[in-house]
Amino acid sequence: MKINFLLLRITIFLLLLTSCSSSKQTLQYEGDPEMTATIKVMYPPGEESFMTDYGDLFKVKFPNIEIQVISYWNSRYKEVMQEEKPDVIALSIDEYTKFIEEDRLYDLNLLFLNDKFDLDGINHNILDYLRQLGGGKLYGLPPKFLNRAIYYNKDLFDKNNVPYPQDQMTWEEIIQLSKRFSSGDEISGLYMQSFASSVNEIATSRGLSIYNAKDKKITVNTESYKKVFELILDAYNSKSLVLPGIDSFEVYDPFITGTSAMTMDYYYYINNKINWAKEEQGTKFHLNWDLASAPVGDESRRGTTSYFNFANIFSVNSESEQKQAAWELVKFINGEELAKKNSKTPSFAAPTRTDYLYNPEGKRIEAFYNQRPEIKPVSAEFYSSLPNGFFTNMDGIINSELKAVTVGVKTLDEAMASMQERGQRLLDEK
């Protein structure tokens, strides 16, 4: 009986081992550069964008790997996955979370841990967050990310004897700082694009949502949102906050022209606004600027940011039949070689690798990196349940109602009740 029991255990063990080994393809860290394969890449922006940013350079290193790019709409990912069977998938943070839950992604953890792939060069806050989503494992990497920061004019701060903004300040502290600038010089402390954009930024930092998807209700007429409105109206009435509503006749915003000491924007503001103005104006351009990390909702959130997001997390399809070639592409997109090449020019989004940063003027680029991501994944169903143009129209409602408060036509309570009613009618249109 003892022998039979031992044989049974050995048999079961061998069956399990055979089953596990047959379901997993073992990948080599370094594949043969002469390997021949055709891989499909699911990439929302399309073929031209992918080949320009990644594909053409990859084919120099792996000339025998053919790349087919599939563009898709987020809401159709299931159909695309089934019909096209892509090998490499570029995912949003919401899709990445869902794909992990559905076991659609290949576990790259052991490959990323190989000492030939330098994970140390990638921002640790990003890695920690992705590991958290993956239950301690990495199922993909994003070469770039989006985040906001405070841009400030050092000369205006020095002239007015105001201390520079610091990393991880609260919105209340930023507003208080903005109030220390003299309105007599027609200098404001903070420039934001509109009432609605200011509301959305502060609400996001506090984890608020204007819409409850479960109950399909607008949630703007609440005490939490009232505090946001009061903070913005107080800053606006004190003239420390300007909301110029840029039109076609104004080429540069108040921060670029030097009439506002601070603004908040994404990484791409450097190239799209500052560098563009510098190139246009030449020697006439004088903006001594620097960066501090984006404001937080309250003191308990100082180490985190809600403005963090990923455009594309590159992962390998767990059902791919070309996993080795797919891994080579994911590795190349997130590797040192490409990061070093891209470091010679400014980019739209911030690179996740911090060892090669484009920063010729020595600005505090670390302001985009020194907070932990605090992202609430939102399903595609969240957006599909909303009528077309919902957020744009809701912004218009907020702008008009708060403007009515500033001119004395309505009280804040009346404006909030109107926002709720008008917003709900807008929501019920679908």
# chains A, B, ... in the order shown; residues from 1 in each chain; ligands from 1
>>> residues_around(residues="segment 86-89 of chain A", least_positions_apart="4", cutoff="7 Å", atoms="only C-alpha atoms", output="ChimeraX atom specification")
/A:39-43,81,314-317,320,322-323,326
>>> residues_around(residues="segment 281-298 of chain A", least_positions_apart="3", cutoff="6 Å", atoms="only C-alpha atoms", output="PyMOL selection string")
chain A and resi 148-154+166-171+205-206+277-278+301-302+363-364+367
>>> write_last_selection(atoms="N, CA and C atoms", output="PDB file, in the first residue's frame")
ATOM      1  N   ARG A 148       0.693  66.128 -14.415  1.00  0.00           N
ATOM      2  CA  ARG A 148       0.683  67.584 -14.343  1.00  0.00           C
ATOM      3  C   ARG A 148       1.695  68.080 -13.314  1.00  0.00           C
ATOM      4  N   ALA A 149       2.019  69.370 -13.413  1.00  0.00           N
ATOM      5  CA  ALA A 149       2.896  70.017 -12.447  1.00  0.00           C
ATOM      6  C   ALA A 149       2.567  71.504 -12.419  1.00  0.00           C
ATOM      7  N   ILE A 150       3.024  72.181 -11.387  1.00  0.00           N
ATOM      8  CA  ILE A 150       2.900  73.631 -11.302  1.00  0.00           C
ATOM      9  C   ILE A 150       4.089  74.265 -12.027  1.00  0.00           C
ATOM     10  N   TYR A 151       3.801  75.122 -12.978  1.00  0.00           N
ATOM     11  CA  TYR A 151       4.817  75.939 -13.648  1.00  0.00           C
ATOM     12  C   TYR A 151       4.820  77.300 -12.965  1.00  0.00           C
ATOM     13  N   TYR A 152       6.002  77.806 -12.601  1.00  0.00           N
ATOM     14  CA  TYR A 152       6.027  79.109 -11.935  1.00  0.00           C
ATOM     15  C   TYR A 152       7.139  79.998 -12.491  1.00  0.00           C
ATOM     16  N   ASN A 153       6.873  81.304 -12.445  1.00  0.00           N
ATOM     17  CA  ASN A 153       7.773  82.335 -12.955  1.00  0.00           C
ATOM     18  C   ASN A 153       8.667  82.804 -11.809  1.00  0.00           C
ATOM     19  N   LYS A 154       9.920  82.426 -11.824  1.00  0.00           N
ATOM     20  CA  LYS A 154      10.832  82.729 -10.724  1.00  0.00           C
ATOM     21  C   LYS A 154      11.044  84.240 -10.550  1.00  0.00           C
ATOM     22  N   GLN A 166       6.379  74.823  -3.435  1.00  0.00           N
ATOM     23  CA  GLN A 166       7.104  73.601  -3.100  1.00  0.00           C
ATOM     24  C   GLN A 166       6.348  72.385  -3.617  1.00  0.00           C
ATOM     25  N   ASP A 167       7.054  71.283  -3.714  1.00  0.00           N
ATOM     26  CA  ASP A 167       6.419  70.030  -4.113  1.00  0.00           C
ATOM     27  C   ASP A 167       5.352  69.630  -3.093  1.00  0.00           C
ATOM     28  N   GLN A 168       4.283  69.021  -3.611  1.00  0.00           N
ATOM     29  CA  GLN A 168       3.256  68.379  -2.797  1.00  0.00           C
ATOM     30  C   GLN A 168       2.474  69.352  -1.911  1.00  0.00           C
ATOM     31  N   MET A 169       2.312  70.600  -2.357  1.00  0.00           N
ATOM     32  CA  MET A 169       1.461  71.545  -1.647  1.00  0.00           C
ATOM     33  C   MET A 169      -0.005  71.201  -1.905  1.00  0.00           C
ATOM     34  N   THR A 170      -0.885  71.592  -0.988  1.00  0.00           N
ATOM     35  CA  THR A 170      -2.311  71.409  -1.205  1.00  0.00           C
ATOM     36  C   THR A 170      -2.831  72.540  -2.091  1.00  0.00           C
ATOM     37  N   TRP A 171      -4.038  72.352  -2.625  1.00  0.00           N
ATOM     38  CA  TRP A 171      -4.644  73.412  -3.433  1.00  0.00           C
ATOM     39  C   TRP A 171      -4.866  74.671  -2.600  1.00  0.00           C
ATOM     40  N   SER A 205      -8.273  65.918  -7.698  1.00  0.00           N
ATOM     41  CA  SER A 205      -7.277  65.733  -6.634  1.00  0.00           C
ATOM     42  C   SER A 205      -7.906  65.269  -5.335  1.00  0.00           C
ATOM     43  N   ARG A 206      -9.211  65.487  -5.191  1.00  0.00           N
ATOM     44  CA  ARG A 206      -9.915  65.075  -3.976  1.00  0.00           C
ATOM     45  C   ARG A 206     -10.720  63.789  -4.174  1.00  0.00           C
ATOM     46  N   ALA A 277       6.823  79.362 -27.901  1.00  0.00           N
ATOM     47  CA  ALA A 277       6.907  80.817 -27.747  1.00  0.00           C
ATOM     48  C   ALA A 277       8.353  81.297 -27.843  1.00  0.00           C
ATOM     49  N   LYS A 278       9.257  80.518 -27.280  1.00  0.00           N
ATOM     50  CA  LYS A 278      10.682  80.868 -27.329  1.00  0.00           C
ATOM     51  C   LYS A 278      11.186  80.891 -28.761  1.00  0.00           C
ATOM     52  N   ARG A 301      -2.926  63.407   1.206  1.00  0.00           N
ATOM     53  CA  ARG A 301      -2.577  62.925  -0.125  1.00  0.00           C
ATOM     54  C   ARG A 301      -1.262  63.528  -0.640  1.00  0.00           C
ATOM     55  N   ARG A 302      -0.462  64.104   0.203  1.00  0.00           N
ATOM     56  CA  ARG A 302       0.743  64.823  -0.257  1.00  0.00           C
ATOM     57  C   ARG A 302       1.673  63.956  -1.099  1.00  0.00           C
ATOM     58  N   LYS A 363      15.848  72.187 -15.638  1.00  0.00           N
ATOM     59  CA  LYS A 363      14.640  72.464 -14.853  1.00  0.00           C
ATOM     60  C   LYS A 363      14.332  71.299 -13.909  1.00  0.00           C
ATOM     61  N   ARG A 364      13.423  71.554 -12.969  1.00  0.00           N
ATOM     62  CA  ARG A 364      13.075  70.537 -11.960  1.00  0.00           C
ATOM     63  C   ARG A 364      12.069  69.537 -12.554  1.00  0.00           C
ATOM     64  N   ALA A 367       9.628  67.048 -10.745  1.00  0.00           N
ATOM     65  CA  ALA A 367       8.291  67.390 -10.244  1.00  0.00           C
ATOM     66  C   ALA A 367       7.215  66.501 -10.859  1.00  0.00           C
TER      67      ALA A 367
END
>>> atom_distance(atom1="atom CA of Arg131 of chain A", atom2="atom CA of Lys376 of chain A")
15.3 Å
>>> select_by_dssp(residues="segment 29-224 of chain A", states="helix (DSSP H, G or I)", output="PDB file with C-alpha atoms, in the first residue's frame")
ATOM      1  CA  GLU A  47       0.163  52.283 -38.048  1.00  0.00           C
ATOM      2  CA  GLU A  48       1.837  55.536 -39.061  1.00  0.00           C
ATOM      3  CA  SER A  49       2.221  56.707 -35.474  1.00  0.00           C
ATOM      4  CA  PHE A  50       3.508  53.343 -34.246  1.00  0.00           C
ATOM      5  CA  MET A  51       6.033  52.855 -37.036  1.00  0.00           C
ATOM      6  CA  THR A  52       7.383  56.399 -36.632  1.00  0.00           C
ATOM      7  CA  ASP A  53       7.786  56.106 -32.860  1.00  0.00           C
ATOM      8  CA  TYR A  54       8.828  52.463 -32.546  1.00  0.00           C
ATOM      9  CA  GLY A  55       8.396  50.128 -35.517  1.00  0.00           C
ATOM     10  CA  ASP A  56      10.924  51.521 -38.010  1.00  0.00           C
ATOM     11  CA  LEU A  57      13.665  51.584 -35.388  1.00  0.00           C
ATOM     12  CA  PHE A  58      12.798  48.081 -34.182  1.00  0.00           C
ATOM     13  CA  LYS A  59      13.088  46.678 -37.721  1.00  0.00           C
ATOM     14  CA  VAL A  60      16.672  47.938 -37.922  1.00  0.00           C
ATOM     15  CA  LYS A  61      17.499  45.626 -35.028  1.00  0.00           C
ATOM     16  CA  ASN A  74     -11.512  51.040 -26.879  1.00  0.00           C
ATOM     17  CA  SER A  75     -15.088  49.780 -26.697  1.00  0.00           C
ATOM     18  CA  ARG A  76     -14.341  47.110 -29.348  1.00  0.00           C
ATOM     19  CA  TYR A  77     -11.312  45.518 -27.729  1.00  0.00           C
ATOM     20  CA  LYS A  78     -13.007  42.149 -27.151  1.00  0.00           C
ATOM     21  CA  GLU A  79     -14.022  41.805 -30.794  1.00  0.00           C
ATOM     22  CA  VAL A  80     -10.586  42.944 -31.966  1.00  0.00           C
ATOM     23  CA  MET A  81      -8.824  40.502 -29.645  1.00  0.00           C
ATOM     24  CA  GLN A  82     -10.942  37.627 -30.917  1.00  0.00           C
ATOM     25  CA  GLU A  83     -10.790  38.529 -34.607  1.00  0.00           C
ATOM     26  CA  GLU A  84      -7.189  39.729 -34.952  1.00  0.00           C
ATOM     27  CA  ILE A  93      -4.596  51.801 -17.419  1.00  0.00           C
ATOM     28  CA  ASP A  94      -8.275  50.792 -17.384  1.00  0.00           C
ATOM     29  CA  GLU A  95      -7.763  48.119 -20.061  1.00  0.00           C
ATOM     30  CA  TYR A  96      -4.547  46.905 -18.397  1.00  0.00           C
ATOM     31  CA  THR A  97      -6.392  46.311 -15.118  1.00  0.00           C
ATOM     32  CA  LYS A  98      -9.233  44.515 -16.870  1.00  0.00           C
ATOM     33  CA  PHE A  99      -6.896  42.353 -18.983  1.00  0.00           C
ATOM     34  CA  ILE A 100      -5.018  41.206 -15.879  1.00  0.00           C
ATOM     35  CA  GLU A 101      -8.315  40.177 -14.280  1.00  0.00           C
ATOM     36  CA  ASN A 109       7.973  39.355 -14.312  1.00  0.00           C
ATOM     37  CA  LEU A 110      10.884  36.922 -14.593  1.00  0.00           C
ATOM     38  CA  LEU A 111      12.054  38.521 -17.838  1.00  0.00           C
ATOM     39  CA  PHE A 112      11.935  42.013 -16.342  1.00  0.00           C
ATOM     40  CA  LEU A 113      13.912  40.780 -13.346  1.00  0.00           C
ATOM     41  CA  LEU A 119      14.496  48.307 -14.319  1.00  0.00           C
ATOM     42  CA  ASP A 120      16.451  50.672 -12.064  1.00  0.00           C
ATOM     43  CA  GLY A 121      16.334  53.293 -14.810  1.00  0.00           C
ATOM     44  CA  HIS A 124      10.091  53.356  -9.081  1.00  0.00           C
ATOM     45  CA  ASN A 125       6.694  54.983  -8.403  1.00  0.00           C
ATOM     46  CA  ILE A 126       5.503  53.722 -11.789  1.00  0.00           C
ATOM     47  CA  LEU A 127       6.876  50.218 -11.249  1.00  0.00           C
ATOM     48  CA  ASP A 128       5.401  49.974  -7.757  1.00  0.00           C
ATOM     49  CA  TYR A 129       1.993  51.017  -9.035  1.00  0.00           C
ATOM     50  CA  LEU A 130       2.001  48.518 -11.913  1.00  0.00           C
ATOM     51  CA  ARG A 131       3.123  45.750  -9.554  1.00  0.00           C
ATOM     52  CA  GLN A 132       0.280  46.664  -7.229  1.00  0.00           C
ATOM     53  CA  LEU A 133      -2.215  46.270 -10.069  1.00  0.00           C
ATOM     54  CA  LYS A 154      10.832  82.729 -10.724  1.00  0.00           C
ATOM     55  CA  ASP A 155      11.333  86.413 -11.573  1.00  0.00           C
ATOM     56  CA  LEU A 156       7.768  87.324 -10.520  1.00  0.00           C
ATOM     57  CA  PHE A 157       8.184  85.434  -7.261  1.00  0.00           C
ATOM     58  CA  ASP A 158      11.508  87.164  -6.568  1.00  0.00           C
ATOM     59  CA  LYS A 159      10.134  90.621  -7.447  1.00  0.00           C
ATOM     60  CA  TRP A 171      -4.644  73.412  -3.433  1.00  0.00           C
ATOM     61  CA  GLU A 172      -5.427  75.690  -0.478  1.00  0.00           C
ATOM     62  CA  GLU A 173      -1.711  76.410  -0.053  1.00  0.00           C
ATOM     63  CA  ILE A 174      -1.303  77.183  -3.761  1.00  0.00           C
ATOM     64  CA  ILE A 175      -4.284  79.566  -3.649  1.00  0.00           C
ATOM     65  CA  GLN A 176      -2.876  81.288  -0.568  1.00  0.00           C
ATOM     66  CA  LEU A 177       0.446  81.664  -2.357  1.00  0.00           C
ATOM     67  CA  SER A 178      -1.299  83.183  -5.374  1.00  0.00           C
ATOM     68  CA  SER A 183      -3.086  93.104  -8.324  1.00  0.00           C
ATOM     69  CA  GLY A 184      -1.929  96.724  -8.711  1.00  0.00           C
ATOM     70  CA  ASP A 185       0.798  95.559 -11.111  1.00  0.00           C
ATOM     71  CA  PHE A 195     -14.035  77.865 -13.981  1.00  0.00           C
ATOM     72  CA  ALA A 196     -14.825  74.337 -15.165  1.00  0.00           C
ATOM     73  CA  SER A 197     -11.196  73.331 -15.654  1.00  0.00           C
ATOM     74  CA  SER A 198     -10.370  74.643 -12.161  1.00  0.00           C
ATOM     75  CA  VAL A 199     -13.292  72.713 -10.677  1.00  0.00           C
ATOM     76  CA  ASN A 200     -12.280  69.524 -12.490  1.00  0.00           C
ATOM     77  CA  GLU A 201      -8.642  69.781 -11.388  1.00  0.00           C
ATOM     78  CA  ILE A 202      -9.398  70.309  -7.712  1.00  0.00           C
ATOM     79  CA  ALA A 203     -12.215  67.744  -7.700  1.00  0.00           C
ATOM     80  CA  THR A 204      -9.928  65.156  -9.304  1.00  0.00           C
ATOM     81  CA  SER A 205      -7.277  65.733  -6.634  1.00  0.00           C
ATOM     82  CA  GLU A 223     -20.988  69.654   0.313  1.00  0.00           C
ATOM     83  CA  SER A 224     -17.760  68.257  -1.151  1.00  0.00           C
TER      84      SER A 224
END
>>> closest_residue(among="A:Ser260, A:Thr219, A:Thr392, A:Thr305", to="Glu421 of chain A", atoms="only C-alpha atoms")
A:Thr219
>>> residues_around(residues="Asn342 of chain A", least_positions_apart="2", cutoff="10 Å", atoms="only C-alpha atoms", output="PyMOL selection string")
chain A and resi 53+336-340+344-347+351+356-358
>>> write_last_selection(atoms="N, CA, C and O atoms", output="PDB file, in the first residue's frame")
ATOM      1  N   ASP A  53       7.266  56.066 -34.228  1.00  0.00           N
ATOM      2  CA  ASP A  53       7.786  56.106 -32.860  1.00  0.00           C
ATOM      3  C   ASP A  53       8.607  54.870 -32.485  1.00  0.00           C
ATOM      4  O   ASP A  53       9.586  54.987 -31.738  1.00  0.00           O
ATOM      5  N   GLU A 336      16.729  50.867 -22.851  1.00  0.00           N
ATOM      6  CA  GLU A 336      17.658  51.994 -22.764  1.00  0.00           C
ATOM      7  C   GLU A 336      18.023  52.558 -24.136  1.00  0.00           C
ATOM      8  O   GLU A 336      18.187  53.769 -24.296  1.00  0.00           O
ATOM      9  N   GLU A 337      18.153  51.676 -25.111  1.00  0.00           N
ATOM     10  CA  GLU A 337      18.593  52.104 -26.443  1.00  0.00           C
ATOM     11  C   GLU A 337      17.657  53.153 -27.030  1.00  0.00           C
ATOM     12  O   GLU A 337      18.090  54.213 -27.497  1.00  0.00           O
ATOM     13  N   LEU A 338      16.366  52.889 -27.004  1.00  0.00           N
ATOM     14  CA  LEU A 338      15.392  53.828 -27.556  1.00  0.00           C
ATOM     15  C   LEU A 338      15.273  55.070 -26.678  1.00  0.00           C
ATOM     16  O   LEU A 338      15.139  56.190 -27.187  1.00  0.00           O
ATOM     17  N   ALA A 339      15.334  54.887 -25.364  1.00  0.00           N
ATOM     18  CA  ALA A 339      15.246  56.023 -24.445  1.00  0.00           C
ATOM     19  C   ALA A 339      16.407  56.991 -24.665  1.00  0.00           C
ATOM     20  O   ALA A 339      16.228  58.214 -24.635  1.00  0.00           O
ATOM     21  N   LYS A 340      17.591  56.449 -24.900  1.00  0.00           N
ATOM     22  CA  LYS A 340      18.757  57.293 -25.138  1.00  0.00           C
ATOM     23  C   LYS A 340      18.604  58.086 -26.429  1.00  0.00           C
ATOM     24  O   LYS A 340      18.942  59.270 -26.492  1.00  0.00           O
ATOM     25  N   LYS A 344      17.366  63.106 -27.027  1.00  0.00           N
ATOM     26  CA  LYS A 344      17.993  64.236 -27.737  1.00  0.00           C
ATOM     27  C   LYS A 344      16.975  65.287 -28.164  1.00  0.00           C
ATOM     28  O   LYS A 344      17.340  66.365 -28.601  1.00  0.00           O
ATOM     29  N   THR A 345      15.681  64.967 -28.078  1.00  0.00           N
ATOM     30  CA  THR A 345      14.642  65.904 -28.493  1.00  0.00           C
ATOM     31  C   THR A 345      13.511  65.917 -27.477  1.00  0.00           C
ATOM     32  O   THR A 345      13.275  64.921 -26.788  1.00  0.00           O
ATOM     33  N   PRO A 346      12.769  67.043 -27.369  1.00  0.00           N
ATOM     34  CA  PRO A 346      11.635  67.094 -26.434  1.00  0.00           C
ATOM     35  C   PRO A 346      10.507  66.201 -26.913  1.00  0.00           C
ATOM     36  O   PRO A 346      10.382  65.926 -28.101  1.00  0.00           O
ATOM     37  N   SER A 347       9.682  65.748 -25.980  1.00  0.00           N
ATOM     38  CA  SER A 347       8.593  64.846 -26.343  1.00  0.00           C
ATOM     39  C   SER A 347       7.263  65.361 -25.800  1.00  0.00           C
ATOM     40  O   SER A 347       7.219  66.261 -24.955  1.00  0.00           O
ATOM     41  N   PRO A 351       8.962  60.597 -20.384  1.00  0.00           N
ATOM     42  CA  PRO A 351       9.471  59.226 -20.456  1.00  0.00           C
ATOM     43  C   PRO A 351       9.498  58.574 -19.080  1.00  0.00           C
ATOM     44  O   PRO A 351       9.781  59.236 -18.081  1.00  0.00           O
ATOM     45  N   TYR A 356      17.594  58.931 -18.961  1.00  0.00           N
ATOM     46  CA  TYR A 356      17.814  59.704 -20.188  1.00  0.00           C
ATOM     47  C   TYR A 356      16.669  60.698 -20.356  1.00  0.00           C
ATOM     48  O   TYR A 356      15.668  60.413 -21.000  1.00  0.00           O
ATOM     49  N   LEU A 357      16.821  61.877 -19.768  1.00  0.00           N
ATOM     50  CA  LEU A 357      15.781  62.886 -19.835  1.00  0.00           C
ATOM     51  C   LEU A 357      16.243  64.076 -20.662  1.00  0.00           C
ATOM     52  O   LEU A 357      17.384  64.528 -20.531  1.00  0.00           O
ATOM     53  N   TYR A 358      15.349  64.585 -21.510  1.00  0.00           N
ATOM     54  CA  TYR A 358      15.662  65.795 -22.262  1.00  0.00           C
ATOM     55  C   TYR A 358      15.410  66.992 -21.343  1.00  0.00           C
ATOM     56  O   TYR A 358      14.279  67.371 -21.063  1.00  0.00           O
TER      57      TYR A 358
END
>>> select_by_dssp(residues="segment 56-276 of chain A", states="strand (DSSP E or B)", output="ChimeraX atom specification")
/A:65-70,88-91,105,122,141,144-146,148-153,170,188,190-191,211-212,217-218,241-242,260,262-266
>>> write_last_selection(atoms="C-alpha atoms", output="PDB file, in the first residue's frame")
ATOM      1  CA  ILE A  65      10.277  40.448 -37.894  1.00  0.00           C
ATOM      2  CA  GLU A  66       7.305  41.841 -39.788  1.00  0.00           C
ATOM      3  CA  ILE A  67       4.940  44.138 -37.878  1.00  0.00           C
ATOM      4  CA  GLN A  68       1.235  44.488 -38.606  1.00  0.00           C
ATOM      5  CA  VAL A  69      -0.462  47.331 -36.727  1.00  0.00           C
ATOM      6  CA  ILE A  70      -4.142  47.161 -35.766  1.00  0.00           C
ATOM      7  CA  VAL A  88       1.467  42.879 -28.533  1.00  0.00           C
ATOM      8  CA  ILE A  89      -1.221  45.084 -26.992  1.00  0.00           C
ATOM      9  CA  ALA A  90      -0.932  48.786 -26.109  1.00  0.00           C
ATOM     10  CA  LEU A  91      -3.331  49.331 -23.212  1.00  0.00           C
ATOM     11  CA  LEU A 105      -1.594  39.061 -20.467  1.00  0.00           C
ATOM     12  CA  ILE A 122      12.518  53.346 -14.729  1.00  0.00           C
ATOM     13  CA  LEU A 141       5.503  48.607 -19.235  1.00  0.00           C
ATOM     14  CA  LYS A 144       5.763  57.307 -21.466  1.00  0.00           C
ATOM     15  CA  PHE A 145       3.187  58.763 -19.093  1.00  0.00           C
ATOM     16  CA  LEU A 146       1.132  61.895 -18.504  1.00  0.00           C
ATOM     17  CA  ARG A 148       0.683  67.584 -14.343  1.00  0.00           C
ATOM     18  CA  ALA A 149       2.896  70.017 -12.447  1.00  0.00           C
ATOM     19  CA  ILE A 150       2.900  73.631 -11.302  1.00  0.00           C
ATOM     20  CA  TYR A 151       4.817  75.939 -13.648  1.00  0.00           C
ATOM     21  CA  TYR A 152       6.027  79.109 -11.935  1.00  0.00           C
ATOM     22  CA  ASN A 153       7.773  82.335 -12.955  1.00  0.00           C
ATOM     23  CA  THR A 170      -2.311  71.409  -1.205  1.00  0.00           C
ATOM     24  CA  SER A 188      -2.115  87.494 -10.992  1.00  0.00           C
ATOM     25  CA  LEU A 190      -2.452  81.765 -10.809  1.00  0.00           C
ATOM     26  CA  TYR A 191      -3.749  81.265 -14.334  1.00  0.00           C
ATOM     27  CA  TYR A 211     -21.173  61.609 -12.251  1.00  0.00           C
ATOM     28  CA  ASN A 212     -22.232  58.438 -10.409  1.00  0.00           C
ATOM     29  CA  LYS A 217     -26.908  60.604 -11.302  1.00  0.00           C
ATOM     30  CA  ILE A 218     -25.090  63.931 -11.389  1.00  0.00           C
ATOM     31  CA  LEU A 241      -6.874  83.639 -10.025  1.00  0.00           C
ATOM     32  CA  VAL A 242      -7.411  84.628 -13.674  1.00  0.00           C
ATOM     33  CA  SER A 260       0.578  85.342 -14.182  1.00  0.00           C
ATOM     34  CA  MET A 262       1.792  80.219 -11.899  1.00  0.00           C
ATOM     35  CA  THR A 263      -0.179  77.785 -13.988  1.00  0.00           C
ATOM     36  CA  MET A 264      -0.721  74.039 -13.921  1.00  0.00           C
ATOM     37  CA  ASP A 265      -0.371  71.839 -16.968  1.00  0.00           C
ATOM     38  CA  TYR A 266       0.988  68.611 -18.393  1.00  0.00           C
TER      39      TYR A 266
END
>>> closest_residue(among="A:Thr411, A:Trp276, A:Thr304, A:Pro143", to="Arg353 of chain A", atoms="only C-alpha atoms")
A:Pro143
>>> closest_residue(among="A:Met416, A:Val405, A:Lys85, A:Glu102", to="Asn237 of chain A", atoms="only C-alpha atoms")
A:Val405
>>> atom_distance(atom1="atom CA of Phe62 of chain A", atom2="atom CA of Thr38 of chain A")
11.2 Å
>>> atom_distance(atom1="atom CA of Gln371 of chain A", atom2="atom CA of Gly303 of chain A")
5.2 Å
